[in-house]
Every structure is written in C-alpha cells, then in structure tokens.
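Containing compact mmCIF, C-alpha atoms: input_33.txt.
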```txt
# COMPACT_ATOMS: atom_id res chain seq x y z
CA MET A 1 133.95 100.47 74.62
CA LYS A 2 130.16 100.36 74.98
CA PHE A 3 129.67 103.37 72.73
CA VAL A 4 131.67 101.81 69.88
CA ALA A 5 129.80 98.53 70.15
CA LEU A 6 126.47 100.39 70.25
CA ALA A 7 127.36 102.51 67.22
CA LEU A 8 128.43 99.48 65.18
CA ALA A 9 125.26 97.65 66.19
CA VAL A 10 123.16 100.58 65.00
CA LEU A 11 125.09 100.68 61.74
CA LEU A 12 124.55 96.95 61.17
CA ALA A 13 120.89 97.33 62.09
CA VAL A 14 120.50 99.95 59.39
CA GLY A 15 122.05 97.54 56.90
CA SER A 16 119.86 94.62 57.99
CA GLN A 17 116.70 96.73 57.85
CA ALA A 18 117.47 97.55 54.22
CA ALA A 19 116.86 93.95 53.17
CA SER A 20 113.22 94.02 54.23
CA LEU A 21 112.12 97.38 52.79
CA GLN A 22 109.31 97.56 50.22
CA ALA A 23 108.48 99.99 47.40
CA ASP A 24 108.98 103.06 49.62
CA ALA A 25 112.53 101.96 50.50
CA PRO A 26 114.28 105.37 50.04
CA SER A 27 111.96 107.18 52.48
CA GLN A 28 112.18 104.34 54.99
CA LEU A 29 115.96 104.32 54.76
CA ALA A 30 116.09 108.07 55.37
CA HIS A 31 113.86 107.67 58.43
CA ILE A 32 115.99 104.83 59.82
CA ARG A 33 119.20 106.78 59.24
CA ALA A 34 117.80 109.85 61.01
CA ALA A 35 116.66 107.73 63.96
CA ALA A 36 120.06 105.98 64.13
CA ASP A 37 121.85 109.34 64.08
CA VAL A 38 119.71 110.66 66.95
CA TYR A 39 120.28 107.44 68.91
CA MET A 40 124.08 107.55 68.43
CA THR A 41 124.17 111.24 69.37
CA GLN A 42 122.26 110.56 72.59
CA ALA A 43 124.57 107.63 73.38
CA LYS A 44 127.64 109.82 72.82
CA GLU A 45 126.26 112.60 75.07
CA SER A 46 125.40 110.06 77.78
CA ALA A 47 128.92 108.64 77.66
CA ILE A 48 130.49 112.12 77.84
CA LYS A 49 128.21 112.97 80.78
CA ALA A 50 129.31 109.77 82.51
CA LEU A 51 132.92 110.99 82.23
CA ASP A 52 132.02 113.80 84.65
CA GLN A 53 132.43 111.21 87.40
CA LEU A 54 136.18 111.33 86.76
CA ASP A 55 136.37 114.87 88.19
CA ASP A 56 138.43 115.15 91.38
CA THR A 57 139.84 111.62 90.83
CA PRO A 58 143.32 110.36 89.80
CA TYR A 59 141.86 109.77 86.30
CA GLN A 60 140.71 113.36 85.80
CA GLU A 61 143.38 113.97 83.14
CA LEU A 62 141.91 111.18 81.00
CA LYS A 63 138.52 112.90 80.78
CA ALA A 64 139.43 115.31 77.97
CA SER A 65 141.16 112.65 75.87
CA LEU A 66 138.32 110.16 76.30
CA ALA A 67 135.72 112.80 75.40
CA GLN A 68 137.70 113.70 72.26
CA ARG A 69 138.01 110.01 71.42
CA LEU A 70 134.24 109.58 71.66
CA GLU A 71 133.73 112.60 69.42
CA ASP A 72 136.18 111.19 66.85
CA ILE A 73 134.45 107.80 66.87
CA HIS A 74 131.07 109.46 66.36
CA ASN A 75 132.40 111.51 63.43
CA ASN A 76 134.07 108.45 61.87
CA ILE A 77 130.85 106.46 62.08
CA LYS A 78 128.90 109.30 60.45
CA GLN A 79 131.48 109.48 57.66
CA MET A 80 131.28 105.70 57.22
CA GLN A 81 127.50 105.93 57.15
CA ALA A 82 127.67 108.65 54.50
CA GLN A 83 129.99 106.48 52.40
CA VAL A 84 127.80 103.39 52.77
CA SER A 85 124.51 105.23 52.07
CA PRO A 86 124.76 105.27 48.23
CA MET A 87 125.68 101.58 48.23
CA THR A 88 122.82 100.79 50.59
CA ASP A 89 120.36 102.73 48.43
CA THR A 90 121.51 100.80 45.36
CA VAL A 91 121.23 97.44 47.12
CA VAL A 92 117.80 98.23 48.53
CA SER A 93 116.52 99.44 45.17
CA SER A 94 117.87 96.28 43.50
CA ILE A 95 116.26 94.06 46.10
CA SER A 96 112.99 95.96 45.79
CA ASP A 97 112.98 95.63 42.01
CA ALA A 98 113.96 91.96 42.13
CA THR A 99 111.25 91.06 44.64
CA ALA A 100 108.48 93.23 43.15
CA GLU A 101 106.96 90.32 41.20
CA LEU A 102 107.25 87.98 44.18
CA ARG A 103 105.62 90.50 46.50
CA ALA A 104 102.80 91.08 44.05
CA SER A 105 102.32 87.31 43.74
CA ILE A 106 102.22 86.90 47.54
CA ALA A 107 99.68 89.71 47.89
CA ALA A 108 97.51 88.14 45.17
CA ASP A 109 97.72 84.73 46.88
CA ILE A 110 96.68 86.25 50.21
CA GLU A 111 93.72 88.02 48.63
CA ALA A 112 92.67 84.81 46.82
CA LEU A 113 92.97 82.83 50.05
CA ARG A 114 90.83 85.39 51.86
CA ALA A 115 88.13 85.20 49.18
CA GLU A 116 88.31 81.39 49.23
CA LEU A 117 87.95 81.22 53.01
CA GLU A 118 85.07 83.72 53.22
CA PRO A 119 82.30 81.10 52.57
CA GLN A 120 83.90 78.76 55.07
CA ARG A 121 84.07 81.57 57.64
CA ALA A 122 80.37 82.30 57.08
CA LYS A 123 79.57 78.57 57.48
CA LEU A 124 81.63 78.42 60.67
CA ARG A 125 79.75 81.43 62.03
CA GLU A 126 76.41 79.71 61.28
CA VAL A 127 77.55 76.53 63.02
CA ILE A 128 78.66 78.43 66.12
CA GLU A 129 75.39 80.40 66.27
CA LYS A 130 73.43 77.14 65.88
CA HIS A 131 75.30 75.53 68.77
CA LEU A 132 74.78 78.58 70.97
CA GLU A 133 71.06 78.52 70.23
CA GLU A 134 70.94 74.82 71.14
CA TYR A 135 72.66 75.54 74.44
CA ARG A 136 70.26 78.40 75.16
CA THR A 137 67.20 76.26 74.33
CA HIS A 138 68.50 73.45 76.54
CA LEU A 139 69.20 75.72 79.51
CA GLU A 140 66.14 77.96 79.25
CA PRO A 141 63.73 75.71 81.22
CA TYR A 142 66.19 75.37 84.08
CA VAL A 143 66.84 79.11 84.12
CA ARG A 144 63.12 79.88 84.17
CA GLU A 145 62.55 77.32 86.93
CA TYR A 146 65.36 78.79 89.00
CA GLN A 147 64.06 82.34 88.45
CA ALA A 148 60.51 81.36 89.40
CA LYS A 149 61.81 79.61 92.52
CA GLN A 150 63.79 82.67 93.53
CA ASN A 151 60.77 84.93 92.98
CA ALA A 152 58.58 82.61 95.08
CA GLU A 153 61.14 82.54 97.89
CA MET A 154 61.46 86.32 97.87
CA GLU A 155 57.67 86.72 97.95
CA ALA A 156 57.43 84.23 100.86
CA LEU A 157 60.15 86.10 102.72
CA ARG A 158 58.40 89.43 102.12
CA ALA A 159 55.10 88.01 103.45
CA LYS A 160 56.91 86.53 106.44
CA MET A 161 58.71 89.77 107.23
CA GLU A 162 55.66 92.03 106.87
CA PRO A 163 54.24 91.32 110.38
CA VAL A 164 57.69 91.70 111.85
CA MET A 165 58.19 95.07 110.12
CA GLU A 166 54.75 96.26 111.22
CA GLU A 167 55.48 95.26 114.82
CA LEU A 168 58.83 97.02 114.60
CA ARG A 169 57.19 100.22 113.30
CA GLN A 170 54.71 100.19 116.17
CA LYS A 171 57.49 99.53 118.68
CA VAL A 172 59.54 102.44 117.32
CA ALA A 173 56.53 104.78 117.60
CA THR A 174 55.89 103.62 121.18
CA ASN A 175 59.54 104.04 122.11
CA LEU A 176 59.54 107.56 120.71
CA ASP A 177 56.51 108.46 122.84
CA GLU A 178 58.14 106.96 125.92
CA THR A 179 61.40 108.79 125.21
CA ARG A 180 59.53 112.07 124.73
CA ALA A 181 57.61 111.55 127.98
CA ALA A 182 60.82 110.82 129.89
CA LEU A 183 62.62 113.78 128.35
CA MET A 184 59.93 116.43 128.95
CA PRO A 185 60.40 116.67 132.75
CA ILE A 186 64.12 117.22 132.22
CA VAL A 187 63.49 119.93 129.63
CA GLU A 188 60.86 121.59 131.81
CA SER A 189 63.16 121.49 134.84
CA VAL A 190 65.99 123.11 132.90
CA ARG A 191 63.63 125.76 131.49
CA THR A 192 62.23 126.58 134.97
CA LYS A 193 65.70 126.79 136.49
CA LEU A 194 66.90 129.04 133.68
CA VAL A 195 63.90 131.37 134.07
CA GLU A 196 64.52 131.57 137.81
CA ARG A 197 68.17 132.45 137.30
CA LEU A 198 67.34 135.10 134.73
CA GLU A 199 64.74 136.68 136.98
CA ALA A 200 67.20 136.68 139.88
CA LEU A 201 69.83 138.35 137.73
CA LYS A 202 67.30 140.88 136.53
CA ALA A 203 66.25 141.70 140.07
CA MET A 204 69.87 141.94 141.16
CA ALA A 205 70.86 144.25 138.31
CA THR A 206 67.78 146.53 138.43
CA PRO A 207 69.01 148.75 141.36
CA TYR A 208 72.37 149.30 139.66
CA VAL A 209 70.74 150.15 136.36
CA GLU A 210 68.30 152.59 137.92
CA GLU A 211 71.08 154.23 139.92
CA TYR A 212 73.20 154.69 136.82
CA LYS A 213 70.23 156.02 134.86
CA GLU A 214 69.51 158.59 137.54
CA GLN A 215 73.16 159.66 137.70
CA LEU A 216 73.26 159.98 133.92
CA ARG A 217 70.09 162.11 133.92
CA GLN A 218 71.59 164.38 136.56
CA ALA A 219 74.85 164.62 134.63
CA TYR A 220 73.00 165.44 131.43
CA SER A 221 70.94 168.13 133.17
CA GLN A 222 74.02 169.70 134.65
CA ALA A 223 75.79 169.57 131.28
CA GLN A 224 73.23 171.93 129.72
CA GLY A 225 74.73 175.42 129.39
CA VAL A 226 77.97 174.74 131.32
CA ASN A 227 81.22 176.48 130.44
CA ALA A 228 84.69 175.01 129.95
CA GLU A 229 85.60 175.36 133.62
CA GLN A 230 82.46 173.55 134.70
CA ILE A 231 83.13 170.76 132.13
CA THR A 232 86.59 170.28 133.60
CA SER A 233 85.13 170.15 137.12
CA LEU A 234 82.45 167.70 135.92
CA ARG A 235 85.09 165.45 134.40
CA GLU A 236 86.99 165.40 137.69
CA LYS A 237 83.80 164.46 139.53
CA LEU A 238 82.87 161.75 136.99
CA THR A 239 86.27 160.03 137.07
CA PRO A 240 85.75 158.47 140.52
CA LEU A 241 82.20 157.60 139.52
CA GLY A 242 83.54 155.78 136.43
CA GLU A 243 85.86 153.77 138.64
CA GLU A 244 82.95 152.91 140.90
CA VAL A 245 80.88 151.80 137.89
CA LYS A 246 83.73 149.62 136.71
CA GLU A 247 84.01 147.94 140.12
CA LYS A 248 80.27 147.31 140.30
CA LEU A 249 80.19 145.88 136.77
CA HIS A 250 83.02 143.59 137.74
CA ALA A 251 81.07 142.51 140.83
CA MET A 252 78.00 141.78 138.64
CA ALA A 253 80.13 139.67 136.27
CA VAL A 254 81.47 137.65 139.23
CA ILE A 255 77.93 137.08 140.51
CA ILE A 256 76.69 135.94 137.07
CA LYS A 257 79.66 133.58 136.74
CA ASP A 258 79.09 132.09 140.20
CA THR A 259 75.35 131.71 139.52
CA PHE A 260 75.88 129.65 136.36
CA SER A 261 78.72 127.68 137.94
CA LYS A 262 76.32 126.37 140.61
CA ASN A 263 74.23 124.69 137.86
```

Would you write the structure of this file as structure tokens?
Amino acid sequence: MKFVALALAVLLAVGSQAASLQADAPSQLAHIRAAADVYMTQAKESAIKALDQLDDTPYQELKASLAQRLEDIHNNIKQMQAQVSPMTDTVVSSISDATAELRASIAADIEALRAELEPQRAKLREVIEKHLEEYRTHLEPYVREYQAKQNAEMEALRAKMEPVMEELRQKVATNLDETRAALMPIVESVRTKLVERLEALKAMATPYVEEYKEQLRQAYSQAQGVNAEQITSLREKLTPLGEEVKEKLHAMAVIIKDTFSKN
C-alpha cells in the first residue's frame, strides 16, 4: 500500500540523513525523527480519511479492518524506529568522531583557499573597473554629442512651435469672445421669457391671494369672543370654503404646469 511504502521511505530517509550529520548530530536526529513522525501521522490520517469513500459501497465492511491495519502498521513502524534509534545514534556518533579530523582539515583548506584567492579577487576587481572606465571614456564623446544634438533639436522645435502656440492662444481667446457673443442673446431671451412667465403667474395668483387674505381676516375677526356653538357653526361654514380653496389651488397648479409646458 502507499502508506507502507511512504513510511518505509521516511524510515530509510532518516537513516540516510544520519550519515551526513555534523557535530550536532543528536539534536539533528531528534528533529528529523520528530518531523518524520508528524509526516507519517498525517499520511495515516489522510489514508483513513480516504477510506470514508467506502461508505455506502459493497466494500463498506472492509473500512474498519483497513483502518485498523493502517493503525497497526503505524504503531509497528514507531516501535521499529524506537528500536533503531539507539543504533542510529551510535552510528552517527561514530561517523561524527571518525570524520572530525577530516572535516576540520576541509574547513582549514577552504579558509586557506579563500585567503589565497583574496589578492586575486582584488586584482580582478581592479581589472574590471579599469575596463569599465575605458569603455566610459571611449563612449563619453559620442554620448555628449548625442545629448547636445537632442538639446539643439528640442530648442529648435520650441522656437518653431512658439509662433504656433501664440496664434493658438489668440484664436482660443477670439473663439471664446465669439461664443460668448452668440450665447448672450439666448441667455437674455430665456431670462426675459422667464420674467414674463413669473409676472403672469404673479398677476394670475394675486386675486386669489387677496381673496383668501380677506376671508381669513373676516374669519379671525369673527373668531374673537365666540362660544363653542359659534365655533361649531364657523367650522361648518369653513368646510365648504376649504373645499373651494382646494379646487382653486388645484386649478392654479394646472395653469402653472401648462404655462411651463408651452416653453
């Protein structure tokens, strides 16, 4: 099964990693073992979760046995790992002790090689910087010539465009004046028409307003010192008047609507 193959591969990986550990081999081995244990646990849980697909199938009865089998394999591998751990620690410690002198010799050789190459690296850096300076010196006249040519062309273009821009500014100012002159009659016509309509509405509404004001004054005068019976009688008289006011206000609204619709 995939889980078994994966678990054995992890176990072998732990063994192969042991051959390359350095002075801190015990701590590295512990870290690798912990990581391998987490990885195998996740693989086991993923496999058990995959068995959920057997629900409601002819193989549903196999789910429990397969899950138990995976659990047993995981436990066996952990037991095997626990048994192999002391042997692995001994082997790694032996390898570390046996290769200590070799590793120290290799580190010393690398340090000596670095010190030996440092003057050559400095010389190489000087050579590269010298070549770059030669390239810069060789290209500088051409770059300056190109830059001066571009500046001269831009200045010529600016001088050439200046009359055109001035003419364009004058044309825009003239066009604005012409647009304003053409627009003013329209604005004045609209303003005159609006004033006329407002005056007509005012003249039309003035009689109604005055009539209502007079009726309100009369009603207010009559309301001074009246008793409850008179207030009831006044309310009965004002009810038809209120209806009449409503009708006239409606008529005014229709007239205003028709007046603005004609525009």

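Ranking A:Ile32, A:Ala98, A:Ala112, A:Met40 by their shortest atom-to-atom distance to Leu70 (chain A), with all atoms listed in the file included, puts A:Met40 first.
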
Can you work out the spacing between CA of Ile73 (chain A) and CA of Thr41 (chain A) in Å, to one decimal?
11.1 Å

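With CA of Thr90 (chain A) on one side and CA of Ala107 (chain A) on the other, the separation reads 24.6 Å.
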
CA of Lys130 (chain A) to CA of Ala148 (chain A) measures 27.2 Å

Can you tell me, as an MDAnalysis selection string, which residues sit within 8 Å of (72.6, 137.4, 137.6) in the file's frame, using only C-alpha atoms?
chainID A and resid 197:202 204:205 252:253 255:256 259

Residues near region 45-52 of chain A, anyone? I mean within 12 Å using all atoms listed in the file, not counting same-chain ones fewer than 2 positions away, as JSON, numbers by chain.
{"A": [1, 2, 3, 4, 6, 38, 39, 40, 41, 42, 43, 54, 55, 56, 57, 59, 60, 61, 62, 63, 64, 65, 66, 67, 68, 69, 70, 71, 74]}

Given all atoms listed in the file as the basis, pick out the residue of A:Glu244, A:Leu194, A:Glu188, A:Asn76 nearest to Glu211 (chain A).
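Smallest distance to Glu211 (chain A) is found for A:Glu244.
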
My list of candidates is A:Leu102, A:Ala82, A:Leu238, A:Leu183. Which is closest to Ala30 (chain A) when distances are computed with all atoms listed in the file?
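Of A:Leu102, A:Ala82, A:Leu238, A:Leu183, the one nearest Ala30 (chain A), counting all atoms listed in the file, is A:Ala82.
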
File for region 3-156 of chain A (C-alpha atoms), as a short mmCIF file (atom, residue, chain, number, x, y, z; two decimals), in the first residue's frame:
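Okay, this is what ended up in out04.cif:
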```cif
data_model
loop_
_atom_site.label_atom_id
_atom_site.label_comp_id
_atom_site.auth_asym_id
_atom_site.auth_seq_id
_atom_site.Cartn_x
_atom_site.Cartn_y
_atom_site.Cartn_z
CA PHE A 3 1.13 4.29 3.25
CA VAL A 4 3.51 1.38 3.90
CA ALA A 5 5.82 2.44 1.08
CA LEU A 6 5.75 6.04 2.33
CA ALA A 7 6.50 5.02 5.91
CA LEU A 8 9.43 2.82 4.87
CA ALA A 9 10.77 5.61 2.67
CA VAL A 10 10.64 8.02 5.61
CA LEU A 11 12.40 5.47 7.80
CA LEU A 12 15.15 4.97 5.22
CA ALA A 13 15.44 8.73 4.78
CA VAL A 14 16.07 9.10 8.49
CA GLY A 15 18.83 6.50 8.23
CA SER A 16 20.41 8.13 5.18
CA GLN A 17 20.32 11.58 6.77
CA ALA A 18 22.31 10.22 9.71
CA ALA A 19 25.38 9.70 7.53
CA SER A 20 25.73 13.40 6.75
CA LEU A 21 25.22 14.90 10.23
CA GLN A 22 27.95 17.02 11.85
CA ALA A 23 28.92 17.73 15.46
CA ASP A 24 25.32 18.50 16.50
CA ALA A 25 24.15 15.08 15.25
CA PRO A 26 21.94 14.13 18.27
CA SER A 27 19.83 17.30 18.06
CA GLN A 28 19.53 16.99 14.29
CA LEU A 29 18.48 13.37 14.59
CA ALA A 30 15.81 14.27 17.14
CA HIS A 31 14.48 16.98 14.82
CA ILE A 32 14.39 14.62 11.84
CA ARG A 33 12.65 11.91 13.86
CA ALA A 34 10.01 14.36 15.08
CA ALA A 35 9.39 15.61 11.54
CA ALA A 36 9.18 12.02 10.23
CA ASP A 37 6.69 11.12 12.96
CA VAL A 38 4.47 14.10 12.10
CA TYR A 39 4.68 13.25 8.39
CA MET A 40 3.75 9.58 8.95
CA THR A 41 0.87 10.58 11.24
CA GLN A 42 -0.51 12.96 8.62
CA ALA A 43 -0.16 10.26 5.94
CA LYS A 44 -2.02 7.75 8.14
CA GLU A 45 -4.85 10.23 8.84
CA SER A 46 -5.13 11.06 5.13
CA ALA A 47 -5.36 7.37 4.26
CA ILE A 48 -8.02 6.75 6.93
CA LYS A 49 -9.97 9.78 5.65
CA ALA A 50 -9.77 8.37 2.13
CA LEU A 51 -11.44 5.19 3.42
CA ASP A 52 -14.58 7.25 4.06
CA GLN A 53 -15.28 6.89 0.35
CA LEU A 54 -16.09 3.22 1.01
CA ASP A 55 -19.27 4.21 2.89
CA ASP A 56 -22.48 3.06 1.20
CA THR A 57 -20.49 0.76 -1.14
CA PRO A 58 -20.12 -3.05 -1.32
CA TYR A 59 -16.69 -2.61 0.33
CA GLN A 60 -18.01 -0.79 3.40
CA GLU A 61 -17.25 -3.78 5.65
CA LEU A 62 -13.56 -3.53 4.74
CA LYS A 63 -13.28 0.02 6.07
CA ALA A 64 -12.88 -0.90 9.74
CA SER A 65 -10.33 -3.65 9.05
CA LEU A 66 -8.28 -1.46 6.72
CA ALA A 67 -8.29 1.41 9.22
CA GLN A 68 -7.11 -0.96 11.97
CA ARG A 69 -4.45 -2.31 9.62
CA LEU A 70 -3.15 1.20 8.97
CA GLU A 71 -3.06 1.88 12.70
CA ASP A 72 -1.12 -1.35 13.32
CA ILE A 73 1.39 -0.51 10.58
CA HIS A 74 1.92 2.95 12.04
CA ASN A 75 2.48 1.52 15.53
CA ASN A 76 4.88 -1.14 14.19
CA ILE A 77 6.92 1.48 12.36
CA LYS A 78 7.13 3.62 15.50
CA GLN A 79 8.27 0.59 17.50
CA MET A 80 10.86 -0.21 14.82
CA GLN A 81 12.00 3.40 14.86
CA ALA A 82 12.36 3.28 18.66
CA GLN A 83 14.43 0.09 18.38
CA VAL A 84 16.65 1.51 15.63
CA SER A 85 17.18 4.89 17.36
CA PRO A 86 19.95 3.79 19.79
CA MET A 87 21.79 2.05 16.96
CA THR A 88 21.41 5.10 14.74
CA ASP A 89 22.70 7.39 17.49
CA THR A 90 25.74 5.15 17.95
CA VAL A 91 26.46 5.03 14.21
CA VAL A 92 26.07 8.77 13.80
CA SER A 93 28.29 9.50 16.79
CA SER A 94 30.93 7.10 15.42
CA ILE A 95 30.79 8.69 11.99
CA SER A 96 30.99 12.16 13.52
CA ASP A 97 34.02 11.23 15.62
CA ALA A 98 35.73 9.45 12.73
CA THR A 99 35.25 12.37 10.34
CA ALA A 100 36.01 15.17 12.83
CA GLU A 101 39.65 15.47 11.72
CA LEU A 102 38.68 15.32 8.04
CA ARG A 103 36.02 17.98 8.48
CA ALA A 104 38.43 20.22 10.34
CA SER A 105 41.01 19.71 7.57
CA ILE A 106 38.44 20.58 4.88
CA ALA A 107 37.37 23.73 6.74
CA ALA A 108 41.02 24.78 7.11
CA ASP A 109 41.64 24.17 3.39
CA ILE A 110 38.61 26.27 2.46
CA GLU A 111 39.73 29.12 4.69
CA ALA A 112 43.29 28.94 3.27
CA LEU A 113 41.92 28.93 -0.27
CA ARG A 114 39.78 31.97 0.49
CA ALA A 115 42.77 33.86 1.89
CA GLU A 116 44.88 32.80 -1.09
CA LEU A 117 42.27 33.97 -3.60
CA GLU A 118 41.61 37.32 -1.92
CA PRO A 119 44.51 39.17 -3.68
CA GLN A 120 43.47 37.68 -6.99
CA ARG A 121 39.87 38.77 -6.39
CA ALA A 122 41.07 42.30 -5.64
CA LYS A 123 43.19 42.27 -8.83
CA LEU A 124 40.22 41.02 -10.85
CA ARG A 125 38.07 43.82 -9.43
CA GLU A 126 40.71 46.40 -10.46
CA VAL A 127 40.89 44.96 -13.97
CA ILE A 128 37.10 45.07 -14.38
CA GLU A 129 36.91 48.65 -13.08
CA LYS A 130 39.74 49.65 -15.46
CA HIS A 131 37.89 48.16 -18.44
CA LEU A 132 34.65 49.87 -17.46
CA GLU A 133 36.45 53.21 -17.21
CA GLU A 134 37.95 52.66 -20.67
CA TYR A 135 34.51 51.95 -22.08
CA ARG A 136 33.10 55.06 -20.41
CA THR A 137 35.95 57.25 -21.71
CA HIS A 138 35.50 55.86 -25.21
CA LEU A 139 31.74 56.41 -25.27
CA GLU A 140 31.63 59.77 -23.49
CA PRO A 141 32.24 61.98 -26.58
CA TYR A 142 29.50 60.22 -28.52
CA VAL A 143 27.10 60.50 -25.60
CA ARG A 144 27.83 64.20 -25.20
CA GLU A 145 27.43 64.77 -28.94
CA TYR A 146 24.11 62.94 -28.96
CA GLN A 147 22.90 64.87 -25.90
CA ALA A 148 23.91 68.22 -27.42
CA LYS A 149 22.16 67.28 -30.67
CA GLN A 150 19.00 66.37 -28.83
CA ASN A 151 19.08 69.62 -26.86
CA ALA A 152 19.57 71.63 -30.07
CA GLU A 153 16.67 69.83 -31.77
CA MET A 154 14.40 70.42 -28.79
CA GLU A 155 15.33 74.11 -28.70
CA ALA A 156 14.68 74.42 -32.47
#
```
